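Everything on this sheet refers to the single structure shown next.
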Amino acid sequence: MANEPTRPRSGDAASVQGEASGTLPQAKTSTADDIAAFVARARAMSPHAPGAKGRMIFALDATMSRQPTWDMACALQADMFREAASLGSLDIRLVYYRGFNECRASSWISDSSKLAGLMSKIDCRGGNTQIGKVLSEARREAATSGVRAVVFVGDAMEEKVDELCARAGELGMLKVPVFMFQEGHDAVAEQAFREIARLTGGAWCRFDPGAAAQLRELLRAAAAYAAGGREALLKLAKTASGAALLIGQMK
């Protein structure tokens with residue numbers, strides 16, 4: 001039926017569909033006790049507990065104009081696993097949106113060939129951005145299974161920025177930085193991406209369309225942080241420009 005969630009195309013993918021209307025879920029009013037409980041849990045969480053396996057959400061805009069960048073990201077994703085391997089280990093959860101109200105998330109993946117195989121089966125489709133759903137999914141995972149970082153790659157923002165900032169603020173309280181990697185020079189997207197990065201203690205970086213080397217450096221740096229925390233990123237920043245860009249913005 002038309003209003004049913006679209007089924008995942010692969011056994012690795014699980015739907016994270018929002019409401020069929022395409023609007024973001026309505027925010028509910030929180031009581032003082034709700035807020036206090038949330039803050040207490042956020043402060044108690046340790047995203048970089050010793051011995052913990054690094055977990056990173058890798059989110060991409062898969063709308064129609066993004067196919068070249070999707071293909072590029074697919075080719076570069078193995079570099080993230082290689083960078084993390086020298087620091088420990090890394091699990092990646094792929095999240096993407098495309099088409100009409102379609103937003104999906106994979107299971108946690110620890111093998112680059114498995115992630116590449118999944119990404120190679122996905123084609124980009126026209127539609128509006130759904131960054132709010134990406135941030136909501138990241139917040140759920142951060143609260144339930146632990147997430148060290150979120151990486152988002154996109155070139156546009158067509159949502160209410162205040163709603164995105166509210167979700168970003170929750171991730172900031174959970175100490176989960178969001179690295180917003182913007183392709184191109186859209187001013188509206190830049191303003192929103194910068195604010196999301198600031199609220200989460202992450203970083204915003206621009207890369208040129210089709211610039212594989214630039215994106216590779218940024219993805220390597222994000223993976224280093226997810227696997228080894230700030231110390232790993234500081235070490236990488238001594239030799240890699242992408243890591244230096246991130247650490248220069250992170251608080």
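Just so we're on the same page: first chain in the structure tokens is A, next is B, and so on; residues restart at 1 for each chain, and ligands are numbered from 1 in the order they show up.
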
Please identify the strand (DSSP E) residues within range 30-229 of chain A (assignment by DSSP from backbone atoms) and present them as a PyMOL selection string. chain A and resi 54-61+90-98+102-109+149-154+178-183+203-207

Which residues are close to range 139-153 of chain A, i.e. within 9 Å by only C-alpha atoms, leaving aside same-chain residues fewer than 2 positions away? Reply as a ChimeraX atom specification. /A:41-42,45-48,54-61,69,73,131,134-137,155,167-168,170-171,174-183,202,219,222-223,225-227,229

Please, which residues of range 59-217 of chain A, numbered as in this document, come out alpha helix (DSSP H) from DSSP, as a count of residues only? 75

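Excluding Cys124 in chain A and any residue on its chain fewer than 3 positions from it, the residues at most 9 Å away by only C-alpha atoms are Asp61, Ala62, Thr63, Met64, Ser65, Arg66, Gln67, Trp70, Tyr97, Arg98 and Gly99 of chain A.
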
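Closest approach to Lys133 in chain A from the set A:Ser106, A:Ser113, A:Asn101, A:Ser120 is made by A:Asn101, with distances taken over only C-alpha atoms.
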
Long-range neighbours of range 241-250 of chain A as a list in words, 8 Å cut-off, only C-alpha atoms, 3 positions minimum in chain: Phe179, Gly201, Gly202, Ala203, Trp204, Cys205, Gln214, Glu217, Leu218, Arg220, Ala221, Ala222, Arg230, Leu233, Leu234, Leu236, Ala237 and Lys238 of chain A

Go ahead and write the residues just picked, N, CA and C atoms, as a compact mmCIF listing (two decimals), in the first residue's frame.
# COMPACT_ATOMS: atom_id res chain seq x y z
N PHE A 179 29.98 15.49 12.64
CA PHE A 179 30.87 16.07 11.65
C PHE A 179 30.07 16.28 10.37
N GLY A 201 29.39 19.91 19.44
CA GLY A 201 30.82 19.86 19.72
C GLY A 201 31.59 19.18 18.60
N GLY A 202 31.00 19.17 17.40
CA GLY A 202 31.64 18.56 16.26
C GLY A 202 32.36 19.56 15.38
N ALA A 203 32.26 19.39 14.08
CA ALA A 203 32.96 20.28 13.15
C ALA A 203 32.24 20.30 11.81
N TRP A 204 32.35 21.45 11.13
CA TRP A 204 31.82 21.60 9.77
C TRP A 204 33.01 21.78 8.83
N CYS A 205 32.99 21.06 7.73
CA CYS A 205 34.04 21.20 6.73
C CYS A 205 33.43 21.12 5.34
N GLN A 214 39.93 15.19 -0.79
CA GLN A 214 39.45 15.98 0.34
C GLN A 214 38.51 15.17 1.22
N GLU A 217 40.30 12.44 3.31
CA GLU A 217 40.96 12.94 4.52
C GLU A 217 39.97 13.21 5.64
N LEU A 218 38.81 13.75 5.30
CA LEU A 218 37.80 14.04 6.31
C LEU A 218 37.23 12.76 6.91
N ARG A 220 38.69 9.79 7.05
CA ARG A 220 39.75 9.17 7.87
C ARG A 220 39.81 9.81 9.24
N ALA A 221 39.72 11.13 9.27
CA ALA A 221 39.81 11.85 10.53
C ALA A 221 38.62 11.50 11.44
N ALA A 222 37.42 11.45 10.86
CA ALA A 222 36.23 11.11 11.65
C ALA A 222 36.34 9.69 12.20
N ARG A 230 39.62 11.81 21.11
CA ARG A 230 40.31 13.06 20.81
C ARG A 230 41.83 12.87 20.67
N LEU A 233 42.69 11.70 17.26
CA LEU A 233 42.51 12.76 16.27
C LEU A 233 43.66 13.77 16.36
N LEU A 234 44.09 14.09 17.57
CA LEU A 234 45.22 15.01 17.75
C LEU A 234 46.49 14.43 17.13
N LEU A 236 46.67 12.24 14.64
CA LEU A 236 46.53 12.24 13.19
C LEU A 236 46.67 13.65 12.62
N ALA A 237 46.25 14.64 13.39
CA ALA A 237 46.30 16.04 12.92
C ALA A 237 47.73 16.51 12.65
N LYS A 238 48.71 15.84 13.20
CA LYS A 238 50.11 16.23 12.97
C LYS A 238 50.55 15.95 11.55
